[in-house]
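Source file coords.cif; content: mmCIF, C-alpha atoms.
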data_coords
loop_
_atom_site.label_atom_id
_atom_site.label_comp_id
_atom_site.auth_asym_id
_atom_site.auth_seq_id
_atom_site.Cartn_x
_atom_site.Cartn_y
_atom_site.Cartn_z
CA MET A 1 0.00 0.00 0.00
CA SER A 2 1.10 3.57 -0.66
CA HIS A 3 2.18 5.88 2.17
CA LEU A 4 -0.63 7.47 4.16
CA ILE A 5 0.87 10.89 3.37
CA ARG A 6 3.79 12.10 1.30
CA ALA A 7 5.76 15.25 0.56
CA PHE A 8 5.11 17.09 -2.71
CA ALA A 9 6.47 20.02 -4.73
CA GLY A 10 3.91 22.69 -3.87
CA LEU A 11 2.75 25.54 -6.09
CA ARG A 12 3.16 28.64 -3.92
CA PRO A 13 3.29 32.42 -4.06
CA THR A 14 6.80 33.68 -4.84
CA ASP A 15 8.67 35.73 -2.23
CA GLY A 16 6.71 38.76 -1.13
CA ARG A 17 3.53 37.75 -3.00
CA ALA A 18 1.75 35.66 -0.33
CA HIS A 19 -0.19 38.58 1.13
CA ASP A 20 -1.52 39.53 -2.31
CA VAL A 21 -2.47 35.93 -3.14
CA ALA A 22 -3.91 34.44 0.10
CA ALA A 23 -7.72 34.39 0.25
CA PRO A 24 -10.45 33.00 2.51
CA PRO A 25 -11.83 29.55 1.57
CA TYR A 26 -14.00 29.58 -1.54
CA ASP A 27 -17.13 28.39 0.27
CA VAL A 28 -17.44 30.94 3.09
CA MET A 29 -18.70 33.83 0.95
CA SER A 30 -21.20 34.67 -1.77
CA ALA A 31 -20.13 35.55 -5.31
CA ALA A 32 -20.95 39.22 -4.60
CA GLU A 33 -18.73 39.21 -1.48
CA ALA A 34 -15.92 37.51 -3.43
CA ARG A 35 -16.21 40.12 -6.20
CA SER A 36 -15.96 42.92 -3.66
CA MET A 37 -13.02 41.28 -1.80
CA ALA A 38 -11.03 40.78 -4.99
CA ALA A 39 -11.66 44.29 -6.39
CA GLY A 40 -8.33 45.93 -7.21
CA LYS A 41 -6.44 42.73 -6.26
CA PRO A 42 -5.41 41.06 -9.53
CA TRP A 43 -3.36 38.37 -7.74
CA SER A 44 -5.97 37.35 -5.19
CA PHE A 45 -6.56 33.60 -5.21
CA LEU A 46 -10.28 34.37 -5.43
CA HIS A 47 -9.74 34.75 -9.18
CA ILE A 48 -8.96 31.01 -9.15
CA SER A 49 -11.28 29.72 -6.41
CA ARG A 50 -14.25 31.94 -7.42
CA PRO A 51 -13.51 32.63 -11.12
CA GLU A 52 -17.12 33.69 -11.80
CA ILE A 53 -16.10 37.09 -10.36
CA ASP A 54 -14.26 37.73 -13.65
CA LEU A 55 -17.34 36.92 -15.76
CA PRO A 56 -20.70 38.74 -16.13
CA GLU A 57 -22.65 38.88 -12.87
CA ASP A 58 -25.48 36.65 -14.12
CA THR A 59 -23.08 33.80 -15.03
CA ASP A 60 -24.12 30.39 -13.71
CA PRO A 61 -21.34 29.44 -11.21
CA TYR A 62 -21.42 25.88 -12.61
CA ALA A 63 -21.11 26.93 -16.29
CA ALA A 64 -18.21 25.47 -18.31
CA GLU A 65 -16.69 28.93 -18.85
CA VAL A 66 -16.27 29.35 -15.08
CA TYR A 67 -13.90 26.37 -14.86
CA ALA A 68 -12.10 27.49 -18.06
CA LYS A 69 -11.64 30.93 -16.47
CA ALA A 70 -10.11 29.34 -13.35
CA ALA A 71 -7.56 27.51 -15.53
CA GLU A 72 -6.79 30.68 -17.49
CA ASN A 73 -6.30 32.72 -14.30
CA MET A 74 -4.02 30.01 -12.90
CA ARG A 75 -1.89 30.05 -16.09
CA ASN A 76 -1.65 33.85 -15.87
CA LEU A 77 -0.46 33.85 -12.25
CA ARG A 78 2.19 31.28 -13.12
CA ALA A 79 3.26 33.15 -16.27
CA GLN A 80 3.67 36.34 -14.23
CA ALA A 81 5.74 34.41 -11.65
CA VAL A 82 3.24 35.23 -8.91
CA LEU A 83 2.92 31.46 -8.32
CA GLN A 84 5.84 29.07 -8.69
CA GLN A 85 6.34 25.36 -8.05
CA ASP A 86 8.99 24.27 -5.54
CA ASP A 87 11.93 22.43 -7.07
CA LYS A 88 11.62 19.38 -4.78
CA ALA A 89 9.07 17.48 -2.71
CA CYS A 90 8.60 19.19 0.66
CA TYR A 91 6.37 19.16 3.66
CA TYR A 92 5.06 22.52 4.85
CA ILE A 93 4.30 23.50 8.42
CA TYR A 94 1.23 25.74 8.71
CA ARG A 95 0.43 27.72 11.85
CA LEU A 96 -2.83 29.59 12.45
CA THR A 97 -3.08 32.17 15.23
CA MET A 98 -6.45 33.66 16.15
CA GLY A 99 -6.27 35.77 19.30
CA GLU A 100 -4.96 33.48 22.03
CA HIS A 101 -5.61 30.32 20.00
CA VAL A 102 -2.68 28.73 18.12
CA GLN A 103 -2.69 25.53 16.05
CA THR A 104 0.22 24.06 14.08
CA GLY A 105 -0.26 21.45 11.39
CA LEU A 106 1.37 19.71 8.43
CA VAL A 107 0.62 20.42 4.78
CA ALA A 108 0.93 17.08 2.98
CA ALA A 109 -0.50 15.06 0.11
CA ALA A 110 -2.72 12.33 1.58
CA SER A 111 -3.46 8.97 -0.01
CA VAL A 112 -6.71 8.61 -2.00
CA GLU A 113 -6.42 4.85 -1.46
CA ALA A 114 -6.44 5.38 2.33
CA TYR A 115 -9.48 7.62 1.92
CA ASP A 116 -11.27 5.03 -0.23
CA GLN A 117 -10.50 2.33 2.37
CA ASN A 118 -11.81 4.58 5.17
CA ARG A 119 -8.46 4.90 6.92
CA ILE A 120 -9.08 8.61 6.33
CA LYS A 121 -12.46 8.75 8.04
CA LYS A 122 -15.45 10.93 7.18
CA HIS A 123 -18.30 12.14 9.37
CA GLU A 124 -20.61 13.91 6.88
CA PHE A 125 -22.69 13.13 3.81
CA THR A 126 -21.77 15.05 0.66
CA ARG A 127 -24.08 16.69 -1.87
CA PRO A 128 -23.61 15.54 -5.49
CA LYS A 129 -23.81 19.05 -6.97
CA LYS A 130 -21.02 20.36 -4.74
CA GLU A 131 -18.92 17.25 -5.38
CA ASP A 132 -19.36 17.64 -9.16
CA ASP A 133 -18.27 21.27 -8.89
CA ARG A 134 -14.99 20.32 -7.17
CA VAL A 135 -14.33 17.51 -9.69
CA ARG A 136 -14.72 19.91 -12.60
CA GLN A 137 -12.51 22.51 -10.93
CA ILE A 138 -9.69 20.01 -10.27
CA ASP A 139 -9.92 18.63 -13.82
CA ALA A 140 -9.93 22.07 -15.45
CA MET A 141 -6.83 23.26 -13.60
CA ASN A 142 -5.08 19.91 -13.17
CA CYS A 143 -4.51 21.05 -9.63
CA GLN A 144 -6.03 20.80 -6.14
CA THR A 145 -6.21 24.27 -4.64
CA GLY A 146 -8.46 23.95 -1.57
CA PRO A 147 -6.80 21.96 1.21
CA VAL A 148 -8.82 19.32 3.07
CA PHE A 149 -8.63 19.89 6.84
CA LEU A 150 -7.59 16.61 8.53
CA VAL A 151 -6.96 15.71 12.17
CA TYR A 152 -4.70 13.11 13.80
CA HIS A 153 -4.61 11.83 17.37
CA ALA A 154 -1.96 14.11 18.85
CA GLN A 155 1.42 12.39 19.02
CA GLN A 156 4.41 13.80 20.85
CA GLU A 157 7.11 13.07 18.28
CA VAL A 158 5.08 14.46 15.37
CA ASP A 159 4.27 17.62 17.30
CA ALA A 160 7.93 17.99 18.31
CA LEU A 161 9.11 17.71 14.68
CA LEU A 162 6.65 20.40 13.62
CA GLN A 163 7.58 22.67 16.52
CA GLY A 164 11.29 22.17 15.73
CA THR A 165 10.82 23.56 12.24
CA THR A 166 8.90 26.57 13.54
CA GLN A 167 11.90 27.70 15.62
CA ASN A 168 13.19 29.24 12.37
CA PRO A 169 11.68 32.39 10.83
CA ALA A 170 8.58 31.59 8.77
CA ASP A 171 8.88 31.52 4.98
CA VAL A 172 5.43 33.12 4.78
CA ASP A 173 3.78 35.34 7.39
CA VAL A 174 0.41 36.83 6.44
CA LEU A 175 -1.98 38.73 8.67
CA ALA A 176 -5.42 38.37 7.07
CA GLU A 177 -8.09 41.09 7.14
CA ASP A 178 -10.03 39.16 9.82
CA GLY A 179 -7.01 39.33 12.15
CA VAL A 180 -5.98 35.67 11.74
CA ARG A 181 -2.23 35.14 11.24
CA HIS A 182 -1.13 32.51 8.71
CA GLU A 183 2.50 31.34 8.91
CA LEU A 184 4.15 28.75 6.67
CA TRP A 185 7.52 27.02 6.94
CA VAL A 186 8.99 24.91 4.13
CA MET A 187 10.50 21.61 5.34
CA ARG A 188 13.13 20.66 2.73
CA ASP A 189 15.41 18.34 4.73
CA ASP A 190 15.05 14.67 3.82
CA ALA A 191 15.54 13.25 7.33
CA PRO A 192 12.55 14.93 9.07
CA ILE A 193 10.44 14.39 5.92
CA ALA A 194 11.18 10.65 6.02
CA ARG A 195 10.53 10.46 9.77
CA LEU A 196 7.18 12.26 9.52
CA THR A 197 6.11 9.96 6.67
CA GLU A 198 7.03 6.96 8.85
CA LEU A 199 5.17 8.29 11.90
CA PHE A 200 1.99 8.91 9.90
CA ASP A 201 2.25 5.48 8.27
CA ALA A 202 2.04 4.00 11.77
CA MET A 203 -1.20 5.85 12.58
CA PRO A 204 -4.40 3.80 12.38
CA ALA A 205 -6.49 6.68 11.03
CA LEU A 206 -6.83 10.32 10.07
CA TYR A 207 -10.13 12.23 10.27
CA VAL A 208 -11.72 14.72 7.88
CA ALA A 209 -12.63 17.77 9.93
CA ASP A 210 -13.62 20.00 7.00
CA GLY A 211 -13.50 19.42 3.25
CA HIS A 212 -15.69 16.37 2.64
CA HIS A 213 -16.59 17.56 -0.87
CA ARG A 214 -12.96 18.26 -1.79
CA SER A 215 -11.78 14.84 -0.60
CA ALA A 216 -14.67 13.02 -2.32
CA ALA A 217 -13.89 14.92 -5.53
CA ALA A 218 -10.20 13.98 -5.32
CA SER A 219 -11.22 10.32 -5.04
CA ARG A 220 -13.44 10.58 -8.12
CA VAL A 221 -10.73 12.33 -10.17
CA ALA A 222 -8.19 9.66 -9.16
CA ALA A 223 -10.56 6.84 -10.17
CA ALA A 224 -11.24 8.42 -13.57
CA ARG A 225 -7.56 9.07 -14.27
CA LYS A 226 -6.54 5.60 -13.15
CA ALA A 227 -9.11 4.07 -15.53
CA ALA A 228 -7.83 6.23 -18.40
CA ASN A 229 -4.13 5.51 -17.75
CA PRO A 230 -2.88 2.12 -19.04
CA ASP A 231 0.48 2.77 -17.36
CA HIS A 232 -0.99 3.59 -13.94
CA THR A 233 1.48 2.84 -11.12
CA GLY A 234 -0.18 4.33 -8.03
CA GLU A 235 2.61 6.87 -7.63
CA GLU A 236 1.01 9.54 -9.84
CA ALA A 237 0.11 12.85 -8.18
CA TYR A 238 -3.62 12.21 -8.77
CA ASN A 239 -3.42 9.35 -6.23
CA TYR A 240 -2.97 11.95 -3.47
CA PHE A 241 -4.91 15.01 -2.35
CA LEU A 242 -3.99 18.31 -0.72
CA THR A 243 -4.43 18.40 3.07
CA VAL A 244 -3.45 20.27 6.20
CA ILE A 245 -3.31 17.89 9.17
CA PHE A 246 -3.59 19.15 12.76
CA PRO A 247 -3.33 17.36 16.13
CA HIS A 248 -6.77 16.82 17.68
CA ASP A 249 -5.93 18.64 20.91
CA GLN A 250 -5.20 21.92 19.12
CA MET A 251 -8.56 22.13 17.35
CA GLN A 252 -11.03 24.90 18.09
CA ILE A 253 -14.63 23.94 17.38
CA LEU A 254 -17.16 26.70 17.95
CA ASP A 255 -20.87 26.28 18.55
CA TYR A 256 -23.10 25.87 15.50
CA ASN A 257 -26.43 27.40 16.44
CA ARG A 258 -29.97 27.14 15.06
CA VAL A 259 -32.69 29.65 14.17
CA VAL A 260 -36.25 28.59 13.34
CA ARG A 261 -38.84 30.55 11.35
CA ASP A 262 -42.01 29.76 13.38
CA LEU A 263 -43.39 27.93 16.42
CA ASN A 264 -45.20 25.30 14.33
CA GLY A 265 -48.58 26.95 15.03
CA LEU A 266 -48.11 27.07 18.82
CA ASP A 267 -48.39 30.18 20.96
CA GLU A 268 -45.46 31.10 23.19
CA GLN A 269 -46.91 29.67 26.41
CA THR A 270 -47.96 26.33 24.87
CA PHE A 271 -44.54 26.02 23.22
CA LEU A 272 -42.67 26.62 26.50
CA GLN A 273 -44.93 24.13 28.30
CA ALA A 274 -44.12 21.51 25.65
CA VAL A 275 -40.38 22.22 26.01
CA GLY A 276 -40.71 21.81 29.79
CA LYS A 277 -41.62 18.13 29.42
CA ASN A 278 -38.04 17.20 28.46
CA PHE A 279 -36.06 20.20 29.73
CA THR A 280 -35.74 22.30 32.84
CA VAL A 281 -36.60 25.82 31.58
CA SER A 282 -35.13 28.84 33.44
CA PRO A 283 -35.53 32.45 32.24
CA SER A 284 -32.20 34.31 32.03
CA ALA A 285 -31.52 38.05 32.26
CA ALA A 286 -28.42 37.61 30.05
CA ALA A 287 -27.83 35.86 26.73
CA VAL A 288 -27.26 32.13 27.34
CA LYS A 289 -23.98 30.63 26.18
CA PRO A 290 -24.22 26.98 27.29
CA ALA A 291 -21.43 26.01 29.70
CA LYS A 292 -21.67 22.24 29.28
CA ALA A 293 -23.12 19.45 27.16
CA ALA A 294 -26.93 18.90 27.22
CA GLU A 295 -27.48 22.59 28.09
CA PHE A 296 -29.01 24.98 25.54
CA GLY A 297 -29.97 28.60 25.20
CA LEU A 298 -33.40 29.54 23.80
CA TYR A 299 -34.16 33.08 22.58
CA LEU A 300 -37.82 33.89 22.07
CA LYS A 301 -39.67 37.26 22.07
CA HIS A 302 -36.64 39.23 23.38
CA GLN A 303 -36.22 36.77 26.29
CA TRP A 304 -33.43 34.22 26.88
CA TYR A 305 -34.05 30.89 28.62
CA ARG A 306 -31.59 28.25 29.80
CA LEU A 307 -32.73 24.74 28.85
CA THR A 308 -31.22 21.75 30.64
CA LEU A 309 -32.10 18.35 29.23
CA LYS A 310 -33.31 15.86 31.83
CA PRO A 311 -30.42 13.41 32.44
CA ASP A 312 -32.42 10.23 31.78
CA LEU A 313 -32.93 11.39 28.16
CA ILE A 314 -29.20 11.32 27.33
CA PRO A 315 -28.19 8.02 25.63
CA GLN A 316 -24.61 7.56 26.89
CA GLN A 317 -23.61 4.66 24.65
CA ASP A 318 -24.49 6.04 21.19
CA PRO A 319 -21.85 8.50 19.87
CA VAL A 320 -24.32 10.10 17.40
CA ALA A 321 -27.43 10.22 19.60
CA ARG A 322 -25.54 11.78 22.52
CA LEU A 323 -24.30 14.76 20.47
CA ASP A 324 -25.93 18.02 21.57
CA VAL A 325 -27.20 18.66 18.03
CA SER A 326 -28.93 15.25 18.19
CA LEU A 327 -30.31 15.80 21.70
CA LEU A 328 -31.88 19.12 20.66
CA ALA A 329 -33.28 17.58 17.46
CA HIS A 330 -34.77 14.48 19.09
CA ASN A 331 -36.21 16.19 22.17
CA LEU A 332 -37.42 19.51 20.80
CA ILE A 333 -36.91 20.40 17.13
CA GLU A 334 -38.51 17.21 15.76
CA PRO A 335 -41.36 16.50 18.26
CA ILE A 336 -42.39 20.11 18.99
CA LEU A 337 -41.42 22.11 15.89
CA ALA A 338 -42.03 19.24 13.41
CA ILE A 339 -38.71 19.73 11.61
CA THR A 340 -37.59 16.19 10.82
CA ASP A 341 -34.91 16.83 8.18
CA GLN A 342 -32.65 19.74 9.06
CA ARG A 343 -30.75 19.21 5.81
CA THR A 344 -33.69 20.18 3.61
CA ASP A 345 -36.33 21.97 5.73
CA GLU A 346 -36.54 25.66 4.80
CA ARG A 347 -37.88 26.58 8.25
CA ILE A 348 -34.50 26.11 9.94
CA ASP A 349 -31.20 27.87 9.38
CA PHE A 350 -27.75 27.69 10.99
CA VAL A 351 -25.51 30.38 12.46
CA GLY A 352 -21.81 29.77 13.06
CA GLY A 353 -20.56 30.57 16.55
CA ILE A 354 -18.09 33.10 15.12
CA ARG A 355 -21.10 35.45 14.78
CA GLY A 356 -21.77 35.34 18.52
CA LEU A 357 -25.10 35.29 20.35
CA GLU A 358 -25.85 38.75 18.94
CA GLY A 359 -26.07 37.07 15.54
CA LEU A 360 -28.93 34.96 16.88
CA GLU A 361 -30.72 37.88 18.54
CA LYS A 362 -30.50 39.88 15.32
CA ARG A 363 -32.18 37.17 13.23
CA VAL A 364 -35.05 36.86 15.74
CA ASP A 365 -35.48 40.56 16.61
CA SER A 366 -35.73 41.42 12.90
CA GLY A 367 -38.82 39.20 12.64
CA GLU A 368 -37.12 36.96 10.07
CA MET A 369 -36.97 34.10 12.60
CA ALA A 370 -39.22 33.27 15.57
CA LEU A 371 -36.70 31.67 17.88
CA ALA A 372 -33.04 30.74 18.22
CA PHE A 373 -31.08 28.03 20.01
CA SER A 374 -27.50 28.35 21.23
CA LEU A 375 -25.54 25.12 21.67
CA PHE A 376 -22.45 23.88 23.47
CA PRO A 377 -19.70 23.14 20.88
CA THR A 378 -19.19 19.57 19.70
CA ALA A 379 -15.95 18.11 21.11
CA MET A 380 -13.25 16.89 18.70
CA THR A 381 -13.24 13.54 20.52
CA ASP A 382 -16.99 13.21 19.81
CA LEU A 383 -16.40 13.79 16.09
CA MET A 384 -13.70 11.11 16.07
CA ALA A 385 -15.92 8.68 17.99
CA VAL A 386 -18.65 9.06 15.35
CA ALA A 387 -16.17 8.57 12.49
CA ASP A 388 -14.67 5.52 14.21
CA ILE A 389 -18.00 3.67 14.03
CA ASN A 390 -18.45 4.76 10.37
CA GLU A 391 -21.47 6.90 11.18
CA VAL A 392 -22.23 10.46 10.09
CA MET A 393 -23.01 13.49 12.21
CA PRO A 394 -26.21 15.51 11.84
CA PRO A 395 -25.87 18.49 9.47
CA LYS A 396 -24.10 21.59 10.77
CA SER A 397 -22.63 19.93 13.86
CA THR A 398 -19.21 21.59 13.83
CA TRP A 399 -17.86 25.04 13.03
CA PHE A 400 -14.06 25.11 12.92
CA GLU A 401 -12.18 28.34 13.49
CA PRO A 402 -9.84 29.68 12.32
CA LYS A 403 -10.29 28.74 8.65
CA LEU A 404 -7.44 27.73 6.35
CA ALA A 405 -6.44 30.22 3.66
CA ASP A 406 -6.60 29.29 -0.02
CA GLY A 407 -3.58 29.92 -2.22
CA LEU A 408 -0.64 29.41 0.16
CA VAL A 409 0.11 25.90 -1.23
CA SER A 410 -1.57 24.05 -4.11
CA HIS A 411 -1.00 20.48 -5.33
CA LEU A 412 -0.39 19.99 -9.08
CA LEU A 413 -1.57 16.73 -10.64
#
Once you've parsed the file, please lay out its structure as structure tokens.
Amino acid sequence: MSHLIRAFAGLRPTDGRAHDVAAPPYDVMSAAEARSMAAGKPWSFLHISRPEIDLPEDTDPYAAEVYAKAAENMRNLRAQAVLQQDDKACYYIYRLTMGEHVQTGLVAAASVEAYDQNRIKKHEFTRPKKEDDRVRQIDAMNCQTGPVFLVYHAQQEVDALLQGTTQNPADVDVLAEDGVRHELWVMRDDAPIARLTELFDAMPALYVADGHHRSAAASRVAAARKAANPDHTGEEAYNYFLTVIFPHDQMQILDYNRVVRDLNGLDEQTFLQAVGKNFTVSPSAAAVKPAKAAEFGLYLKHQWYRLTLKPDLIPQQDPVARLDVSLLAHNLIEPILAITDQRTDERIDFVGGIRGLEGLEKRVDSGEMALAFSLFPTAMTDLMAVADINEVMPPKSTWFEPKLADGLVSHLL
């Protein structure tokens, strides 16, 4: 079997260009926001990750010319020596700093075979349309540009090797507009590269934290190229996909909260009485940020309530059913609000914890939504427990912060 991960010759911004190139992930903004962000920035990676910004505003984002434009913009950045490929296979150490939070990971090419065999474990379903989009983007550019965010069980020697490299000045140091610092070190020496490869080979599993569509797309591209290549060896670049891999104990998962459009025909008092059957309901003078699992905040008619689920309703043995997002769904959202499929029901929406509790109050106070729920963040160990039994988490269970930048390292196929 191939290595679980391997070094690769990355396509990166040339010296001094990283700040002009680095961009937020393609999927955290609308086309209009991307257009505005990239205005006056000809080298922004958004011209590659969101190429529709360089086409008429009414262009279908899945039109063939969008993918052709991405490839053209990539060729232009390389021709202008804004992006250049390293002359040898390297690992890259990537550090994110957001306020007091610091996480240091490894940029590596991960094995599609390991992904297909579920040694790189998933915890989410993918949507075909989004998967197709990533397949077409990779094929058009012959390159993977959006890194998949993976996690490993923290291991002392791996962490020490990464920290050792970061004692030197960073090769790239970018402070993004949102205040997050992105630092990158290039690991060129063969000895630590070989040792890291060995240490990862000994790991039983890696876990997809974010990037399920990108990893699924890489698998599909690899299968198609393998089928079309009579000389396939397994060593080709398409057998690997671009990742950044962090230790589990450095992850920061924020709450992923819910807002609901109506009370399912109930008045406020009847609704609260129904909630009281499964929860202890206590009015709160301040906004409720849950302090522990099985505790929730409810915001309704300018009033916050603290909801505490009755202990006998928590199934301890089932890693999916005991998640807070599951507990809220099974004990309130489904039976009282009659929302049985959060993936498709238009009455529910999701608000990342980065927006704070004010983001919830705003949606309700505006009249757009009737009520909001704040949740305790999912633990990284819970995500891994779900993946280990080959189950999937409910939609919108985790919100990782800080986000990886696009454009700092890409993987050519």
**OP:** Tell me which residues the PyMOL selection byres ((chain A and resi 343) around 12) grabs here, as a PyMOL selection string.
**Re:** chain A and resi 124-127+339-342+344-350+393-397
Those same residues - C-alpha atoms - I'd like them written as a PDB file, in the frame of the given file.
ATOM      1  CA  GLU A 124     -20.610  13.910   6.880  1.00  0.00           C
ATOM      2  CA  PHE A 125     -22.690  13.130   3.810  1.00  0.00           C
ATOM      3  CA  THR A 126     -21.770  15.050   0.660  1.00  0.00           C
ATOM      4  CA  ARG A 127     -24.080  16.690  -1.870  1.00  0.00           C
ATOM      5  CA  ILE A 339     -38.710  19.730  11.610  1.00  0.00           C
ATOM      6  CA  THR A 340     -37.590  16.190  10.820  1.00  0.00           C
ATOM      7  CA  ASP A 341     -34.910  16.830   8.180  1.00  0.00           C
ATOM      8  CA  GLN A 342     -32.650  19.740   9.060  1.00  0.00           C
ATOM      9  CA  THR A 344     -33.690  20.180   3.610  1.00  0.00           C
ATOM     10  CA  ASP A 345     -36.330  21.970   5.730  1.00  0.00           C
ATOM     11  CA  GLU A 346     -36.540  25.660   4.800  1.00  0.00           C
ATOM     12  CA  ARG A 347     -37.880  26.580   8.250  1.00  0.00           C
ATOM     13  CA  ILE A 348     -34.500  26.110   9.940  1.00  0.00           C
ATOM     14  CA  ASP A 349     -31.200  27.870   9.380  1.00  0.00           C
ATOM     15  CA  PHE A 350     -27.750  27.690  10.990  1.00  0.00           C
ATOM     16  CA  MET A 393     -23.010  13.490  12.210  1.00  0.00           C
ATOM     17  CA  PRO A 394     -26.210  15.510  11.840  1.00  0.00           C
ATOM     18  CA  PRO A 395     -25.870  18.490   9.470  1.00  0.00           C
ATOM     19  CA  LYS A 396     -24.100  21.590  10.770  1.00  0.00           C
ATOM     20  CA  SER A 397     -22.630  19.930  13.860  1.00  0.00           C
TER      21      SER A 397
END
Original post:
Selected by the PyMOL selection byres ((chain A and resi 373) around 10) in the shown coordinates: which residues, as a PyMOL selection string?
Top reply: chain A and resi 256-260+288-289+296-300+304-307+328+350-351+357+360-361+371-372+374-375
**OP:** Evaluate the PyMOL selection byres ((chain A and resi 321) around 12) here and jot the selected residues down as a ChimeraX atom specification.
**Re:** /A:294,313-320,322-331,382,385-386,391-394
Atoms kept (C-alpha atoms) for selection, written as a CSV table (one decimal), in the coordinates of the input:
chain,number,residue,atom,x,y,z
A,294,ALA,CA,-26.9,18.9,27.2
A,313,LEU,CA,-32.9,11.4,28.2
A,314,ILE,CA,-29.2,11.3,27.3
A,315,PRO,CA,-28.2,8.0,25.6
A,316,GLN,CA,-24.6,7.6,26.9
A,317,GLN,CA,-23.6,4.7,24.6
A,318,ASP,CA,-24.5,6.0,21.2
A,319,PRO,CA,-21.8,8.5,19.9
A,320,VAL,CA,-24.3,10.1,17.4
A,322,ARG,CA,-25.5,11.8,22.5
A,323,LEU,CA,-24.3,14.8,20.5
A,324,ASP,CA,-25.9,18.0,21.6
A,325,VAL,CA,-27.2,18.7,18.0
A,326,SER,CA,-28.9,15.2,18.2
A,327,LEU,CA,-30.3,15.8,21.7
A,328,LEU,CA,-31.9,19.1,20.7
A,329,ALA,CA,-33.3,17.6,17.5
A,330,HIS,CA,-34.8,14.5,19.1
A,331,ASN,CA,-36.2,16.2,22.2
A,382,ASP,CA,-17.0,13.2,19.8
A,385,ALA,CA,-15.9,8.7,18.0
A,386,VAL,CA,-18.6,9.1,15.4
A,391,GLU,CA,-21.5,6.9,11.2
A,392,VAL,CA,-22.2,10.5,10.1
A,393,MET,CA,-23.0,13.5,12.2
A,394,PRO,CA,-26.2,15.5,11.8
**OP:** Find the distance between CA of Arg6 (chain A) and CA of Phe200 (chain A) and write it in Å to one decimal.
**Re:**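 Separating CA of Arg6 (chain A) from CA of Phe200 (chain A) is a distance of 9.3 Å.
Here CA of Leu254 (chain A) stands at a distance of 9.2 Å from CA of Ala379 (chain A).
Here the question is which of A:Lys310, A:Lys277, A:His19, A:Arg119 gets nearest to Ala293 (chain A) using only C-alpha atoms, and that residue is A:Lys310.
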**OP:** Compile the contact shell of Tyr26 (chain A) as a VMD selection string: residues with an atom at most 9 Å away, counting all atoms listed in the file, same-chain residues fewer than 2 positions apart removed.
**Re:** chain A and resid 23 to 24 28 to 30 34 46 49 to 50 146 406
**OP:** Give the answer as one residue: which of A:Ala285, A:Met251, A:Val102, A:Leu263 has the shortest atom-to-atom distance to Thr378 (chain A), using all atoms listed in the file?
**Re:**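 Closest to Thr378 (chain A), using all atoms listed in the file: A:Met251.
The interatomic distance for the pair CA of Arg214 (chain A) and CA of Pro25 (chain A) works out to 11.8 Å.
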